[in-house]
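> The file below is final_8.txt, compact mmCIF, C-alpha atoms:
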# COMPACT_ATOMS: atom_id res chain seq x y z
CA MET A 1 83.68 161.46 151.87
CA PHE A 2 83.38 158.95 154.72
CA ALA A 3 87.07 158.01 154.50
CA SER A 4 87.85 160.99 156.74
CA PRO A 5 86.38 161.60 160.20
CA LEU A 6 85.01 165.01 159.16
CA ALA A 7 81.82 163.62 157.61
CA TRP A 8 81.16 161.47 160.69
CA VAL A 9 81.77 164.41 163.02
CA VAL A 10 79.41 166.64 161.02
CA LEU A 11 76.77 163.90 160.94
CA ALA A 12 77.03 163.44 164.71
CA PHE A 13 76.91 167.20 165.27
CA VAL A 14 73.76 167.56 163.15
CA GLN A 15 72.06 164.64 164.87
CA VAL A 16 72.89 165.80 168.42
CA ILE A 17 71.69 169.36 167.78
CA LEU A 18 68.46 168.38 166.04
CA ALA A 19 67.68 165.55 168.48
CA ASN A 20 67.97 167.94 171.44
CA ILE A 21 65.70 170.47 169.72
CA PHE A 22 63.21 167.73 168.85
CA ILE A 23 63.07 166.41 172.43
CA GLU A 24 62.65 169.92 173.85
CA GLN A 25 59.79 170.67 171.45
CA VAL A 26 58.03 167.39 172.29
CA ASN A 27 58.38 168.10 176.02
CA THR A 28 56.97 171.59 175.50
CA PHE A 29 54.02 170.15 173.60
CA MET A 30 53.32 167.69 176.41
CA ILE A 31 53.23 170.56 178.91
CA VAL A 32 50.76 172.66 176.92
CA GLN A 33 48.76 169.77 175.48
CA ALA A 34 45.85 170.17 177.91
CA GLN A 35 45.60 173.89 177.18
CA LEU A 36 45.72 173.29 173.43
CA ALA A 37 42.88 170.78 173.70
CA ARG A 38 40.60 173.60 174.89
CA THR A 39 41.74 176.02 172.16
CA PRO A 40 39.83 176.05 168.84
CA ASN A 41 41.97 175.40 165.76
CA ALA A 42 45.06 174.96 167.92
CA PRO A 43 48.27 173.83 166.21
CA GLY A 44 49.01 170.14 166.46
CA LEU A 45 52.03 168.06 167.38
CA THR A 46 53.54 168.35 163.91
CA GLU A 47 53.43 172.15 163.87
CA LEU A 48 54.77 172.54 167.41
CA ALA A 49 57.37 169.76 167.60
CA ILE A 50 58.45 168.72 164.12
CA VAL A 51 58.34 171.90 162.03
CA PRO A 52 60.60 173.84 164.46
CA MET A 53 63.16 171.05 164.09
CA PHE A 54 63.16 171.56 160.33
CA GLY A 55 63.60 175.29 160.86
CA ALA A 56 66.63 174.57 163.03
CA ALA A 57 67.91 172.09 160.43
CA GLN A 58 68.04 174.95 157.93
CA MET A 59 70.54 176.80 160.11
CA VAL A 60 72.48 173.63 160.94
CA LEU A 61 72.94 172.89 157.23
CA LEU A 62 74.02 176.49 156.67
CA MET A 63 76.86 175.95 159.13
CA SER A 64 77.80 172.36 158.29
CA ILE A 65 77.69 172.23 154.47
CA PRO A 66 80.69 174.59 154.08
CA LEU A 67 82.74 172.07 156.08
CA LEU A 68 81.69 169.26 153.75
CA THR A 69 82.12 171.03 150.42
CA MET A 70 85.35 172.89 151.21
CA ARG A 71 87.54 169.91 150.30
CA LEU A 72 85.66 168.52 147.31
CA ILE A 73 87.70 170.41 144.69
CA SER A 74 90.21 172.55 146.58
CA GLU A 75 91.69 169.47 148.30
CA GLU A 76 92.23 167.87 144.88
CA LYS A 77 94.09 170.98 143.76
CA ARG A 78 96.16 171.26 146.91
CA ASN A 79 97.21 167.60 146.83
CA GLN A 80 97.84 167.88 143.07
CA THR A 81 95.48 165.00 142.38
CA MET A 82 93.33 167.13 140.13
CA ALA A 83 95.67 166.30 137.24
CA LEU A 84 94.79 162.62 137.68
CA LEU A 85 91.09 163.39 137.47
CA VAL A 86 91.60 165.58 134.42
CA SER A 87 93.67 162.91 132.67
CA ALA A 88 91.07 160.22 133.41
CA PRO A 89 88.57 159.31 130.65
CA ILE A 90 85.83 161.40 132.24
CA SER A 91 84.55 164.87 131.54
CA MET A 92 84.55 167.89 133.83
CA MET A 93 80.79 167.58 134.01
CA GLN A 94 81.11 164.03 135.32
CA ILE A 95 83.61 165.17 137.97
CA ILE A 96 81.40 167.98 139.24
CA VAL A 97 78.17 165.97 139.04
CA GLY A 98 79.89 163.10 140.85
CA LYS A 99 80.92 165.42 143.69
CA PHE A 100 77.40 166.86 143.79
CA VAL A 101 75.78 163.43 143.88
CA ALA A 102 78.05 162.47 146.79
CA MET A 103 76.86 165.51 148.71
CA THR A 104 73.24 164.72 147.84
CA ILE A 105 73.60 161.17 149.17
CA PHE A 106 75.06 162.56 152.39
CA LEU A 107 72.11 164.98 152.67
CA CYS A 108 69.70 162.09 152.18
CA LEU A 109 71.37 160.33 155.10
CA ILE A 110 70.78 163.40 157.28
CA LEU A 111 67.18 163.61 156.10
CA THR A 112 66.66 159.92 156.86
CA LEU A 113 67.65 160.52 160.48
CA ILE A 114 65.37 163.57 160.68
CA ALA A 115 62.48 161.61 159.14
CA ALA A 116 63.06 158.78 161.61
CA MET A 117 62.75 161.19 164.55
CA SER A 118 59.59 162.72 163.09
CA LEU A 119 57.91 159.40 162.31
CA SER A 120 58.78 157.98 165.74
CA LEU A 121 55.86 160.04 167.06
CA LEU A 122 53.47 157.80 165.10
CA PHE A 123 53.81 155.23 167.89
CA GLY A 124 51.96 157.49 170.31
CA ALA A 125 50.27 160.30 168.39
CA ALA A 126 48.89 161.45 165.05
CA VAL A 127 51.17 163.53 162.84
CA ASP A 128 50.63 165.40 159.59
CA LEU A 129 52.52 163.28 157.06
CA GLY A 130 51.92 165.77 154.25
CA LEU A 131 53.55 168.55 156.25
CA ILE A 132 56.52 166.32 157.07
CA ILE A 133 56.99 165.34 153.43
CA ALA A 134 56.85 168.99 152.32
CA ASN A 135 59.50 169.93 154.88
CA LEU A 136 61.72 167.02 153.82
CA CYS A 137 61.45 168.03 150.16
CA GLY A 138 62.23 171.65 151.00
CA LEU A 139 65.21 170.74 153.17
CA LEU A 140 66.60 168.46 150.47
CA LEU A 141 66.32 171.20 147.83
CA LEU A 142 67.83 173.71 150.24
CA GLY A 143 70.76 171.41 151.00
CA MET A 144 71.33 170.67 147.32
CA ALA A 145 71.37 174.40 146.52
CA TYR A 146 73.85 175.04 149.33
CA SER A 147 75.98 172.13 148.12
CA SER A 148 76.14 173.41 144.54
CA ILE A 149 77.24 176.83 145.81
CA GLY A 150 79.85 175.23 148.08
CA ILE A 151 81.27 173.13 145.24
CA PHE A 152 81.61 176.20 143.03
CA ILE A 153 83.45 178.14 145.73
CA SER A 154 85.68 175.12 146.33
CA CYS A 155 86.68 175.43 142.66
CA LEU A 156 87.93 178.98 143.25
CA THR A 157 90.73 178.25 145.71
CA VAL A 158 93.32 175.63 146.68
CA HIS A 159 92.82 176.24 150.39
CA PRO A 160 89.88 174.29 151.92
CA VAL A 161 89.61 176.59 154.95
CA VAL A 162 89.35 179.62 152.67
CA ALA A 163 86.65 177.83 150.69
CA ALA A 164 84.72 177.08 153.89
CA VAL A 165 84.90 180.70 155.08
CA MET A 166 83.85 182.05 151.69
CA THR A 167 80.97 179.58 151.45
CA LEU A 168 79.74 180.45 154.93
CA ALA A 169 79.95 184.15 154.09
CA VAL A 170 77.80 183.61 150.98
CA PHE A 171 75.26 181.60 152.98
CA MET A 172 75.10 184.30 155.65
CA GLY A 173 74.56 186.84 152.87
CA PHE A 174 71.51 184.88 151.67
CA TRP A 175 70.29 184.67 155.27
CA VAL A 176 70.66 188.44 155.76
CA ILE A 177 68.75 189.02 152.51
CA GLY A 178 65.95 186.90 153.95
CA LEU A 179 65.86 189.02 157.10
CA ALA A 180 65.81 192.20 155.03
CA ALA A 181 62.91 190.97 152.88
CA SER A 182 60.19 192.07 155.30
CA ASP A 183 57.93 193.32 152.50
CA PRO A 184 56.25 190.36 150.71
CA SER A 185 56.33 192.31 147.42
CA SER A 186 60.05 193.10 147.68
CA TRP A 187 62.37 191.70 145.00
CA LEU A 188 64.55 190.39 147.84
CA ASN A 189 62.03 187.60 148.35
CA TRP A 190 62.83 186.30 144.87
CA VAL A 191 66.54 185.81 145.63
CA SER A 192 66.28 184.75 149.27
CA ILE A 193 66.91 181.03 149.74
CA SER A 194 65.59 181.10 153.30
CA LYS A 195 62.34 182.77 152.23
CA ARG A 196 61.85 180.11 149.56
CA PHE A 197 62.18 177.43 152.22
CA GLU A 198 59.45 178.99 154.39
CA GLY A 199 56.78 177.85 151.95
CA PHE A 200 57.81 174.23 152.45
CA MET A 201 57.70 174.70 156.23
CA ASP A 202 54.07 175.78 155.85
CA GLY A 203 53.34 172.59 153.91
CA TYR A 204 53.28 174.05 150.38
CA ILE A 205 55.33 172.59 147.54
CA SER A 206 54.93 175.37 144.98
CA LEU A 207 56.30 175.28 141.45
CA PRO A 208 58.02 178.72 141.69
CA ASP A 209 59.95 177.66 144.80
CA VAL A 210 60.98 174.31 143.31
CA THR A 211 61.99 176.05 140.08
CA PHE A 212 64.08 178.57 142.01
CA PHE A 213 66.07 175.85 143.75
CA VAL A 214 66.52 173.88 140.52
CA VAL A 215 67.81 177.01 138.75
CA VAL A 216 70.27 177.76 141.58
CA ILE A 217 71.53 174.17 141.55
CA GLY A 218 71.90 174.09 137.77
CA LEU A 219 73.55 177.52 137.63
CA PHE A 220 76.30 176.78 140.15
CA ILE A 221 76.97 173.31 138.76
CA PHE A 222 77.38 174.93 135.33
CA LEU A 223 79.70 177.60 136.76
CA SER A 224 81.79 174.91 138.47
CA ILE A 225 82.16 173.00 135.21
CA ARG A 226 83.12 176.17 133.34
CA LYS A 227 85.68 177.05 136.01
CA LEU A 228 87.43 173.69 135.78
CA ASP A 229 87.26 173.74 131.97
CA SER A 230 88.94 177.16 131.89
CA GLU A 231 91.71 175.96 134.24
CA ARG A 232 92.33 172.87 132.10
CA LEU A 233 92.60 174.96 128.94
CA SER A 234 94.99 177.44 130.57
CA SER A 235 97.27 174.73 131.98
I'd like the structure from this file rewritten - as structure tokens, please.

Amino acid sequence: MFASPLAWVVLAFVQVILANIFIEQVNTFMIVQAQLARTPNAPGLTELAIVPMFGAAQMVLLMSIPLLTMRLISEEKRNQTMALLVSAPISMMQIIVGKFVAMTIFLCLILTLIAAMSLSLLFGAAVDLGLIIANLCGLLLLGMAYSSIGIFISCLTVHPVVAAVMTLAVFMGFWVIGLAASDPSSWLNWVSISKRFEGFMDGYISLPDVTFFVVVIGLFIFLSIRKLDSERLSS
């Protein structure tokens, strides 16, 4: 993944965007800090400076993951190197899981940079470590779910750009579903990835939300394996 400049460009893009948001939120907190000190039960530095950065990271991942996953399978097909992978002494499951693990490692690198920014505030203030950990867990699960969807869509075409556009369209569909789910009792809340992430932003790591992400990840990894298996049998 790091052999091409794309991963480095995406990593730099994510870091620049989130770092600017983080600095702006910290500056805003410093301006209103005196007023917050006189307000009962006022939100702290973590809620006002760190959590908004994680909310922005959700949208940044939505835009950047399609660029990372678009080449994972479709590029192999376009360059006709997929036949080499198929002929190697590895299974389709190992190929897909290997691609997924690569994406997960890349996500962990992004999360490490985000965690470093968040924990840098420990040098001058108190932060809610539990809230930060919950947000990191939620963002990792969110990124893994997005990655599994992107890998599956990359299996559907030989054109990486088409895969990126299709993946982004699916992600935007999930985002629109989240906007439409205004009623807490609506069934749309059950299928909205963005709504599931909101619980982590509030500091809650709930079993239903974790289970939802695990099911999404497992489902699309399974579909990717089945897709490649069907192509191998038909060739």
> Considering only C-alpha atoms, can you say which of A:Gln15, A:Lys99, A:Thr81, A:Leu48 comes closest to A:Thr28?
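When distances to A:Thr28 are compared using only C-alpha atoms, the smallest one comes from A:Leu48.
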> Using all atoms listed in the file, which residue out of A:Val158, A:Leu121, A:Ile90, A:Val176 lies closest to A:Lys195?
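Among the listed residues, the smallest separation from A:Lys195 belongs to A:Val176.
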> Please, what distance in Å, to one decimal, runs between atom CA of A:Leu129 and atom CA of A:Leu113?
15.8 Å
> In Å, rounded to a single decimal, give me how far atom CA of A:Ala19 is from atom CA of A:Thr112.
13.0 Å
> Can you tell me how far atom CA of A:Ile50 sits from atom CA of A:Leu67, in Å to one decimal?
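Rounded to one decimal, the two atoms are 25.8 Å apart.
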> Using only C-alpha atoms, which of A:Leu18, A:Val127, A:Leu223, A:Val101 sits nearest A:Gln58?
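Distance minimum relative to A:Gln58 lands on A:Leu18.
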> So which one's closest to A:Met53, A:Ile193, A:Leu111, A:Ala3, A:Leu36? Using only C-alpha atoms, please.
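The shortest atom-to-atom distance to A:Met53 comes from A:Leu111.
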> Which of these residues is nearest to A:Met92, using all atoms listed in the file: A:Cys155, A:Asn41, A:Cys108, A:Phe29?
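Checking each candidate against A:Met92, we get A:Cys155 as the closest.
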> Using only C-alpha atoms, tabulate the residues of stretch 117-167 of chain A lying at most 10 Å from any atom of stretch 206-211 of chain A, each with its closest atom pair and that distance in Å to one decimal, by chain and increasing residue number, as CSV.

residue,atom,partner,partner_atom,distance
A:Ala134,CA,A:Ser206,CA,9.9
A:Cys137,CA,A:Val210,CA,9.3
A:Gly138,CA,A:Val210,CA,8.2
A:Leu141,CA,A:Val210,CA,7.7
A:Leu142,CA,A:Val210,CA,9.8
> For A:Tyr146, which of A:Ser194, A:Ser118, A:Gln35, A:Asn27 is the closest residue, counting all atoms listed in the file?
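Using all atoms listed in the file, A:Tyr146 sits closest to A:Ser194.
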> Axis-aligned box over every listed atom of stretch 58-71 of chain A, padded by 6 Å per side: centre and edges in Å to one decimal, as JSON?

{"center_x": 77.8, "center_y": 173.0, "center_z": 155.6, "size_x": 31.5, "size_y": 19.5, "size_z": 22.6}
> Any idea what's packed within 9 Å of A:Gly143, counting only C-alpha atoms, ignoring anything in its chain fewer than 2 positions away? Could you give it as number ranges by chain?
A: 58, 61-62, 65, 103-104, 107, 138-141, 145-148
> Please provide as number ranges by chain all residues within 12 Å of A:Ala169, with the sequence filter that same-chain residues fewer than 6 positions apart are discarded (counting only C-alpha atoms).
A: 62-63, 66, 146, 149-150, 153, 162-163, 175-176
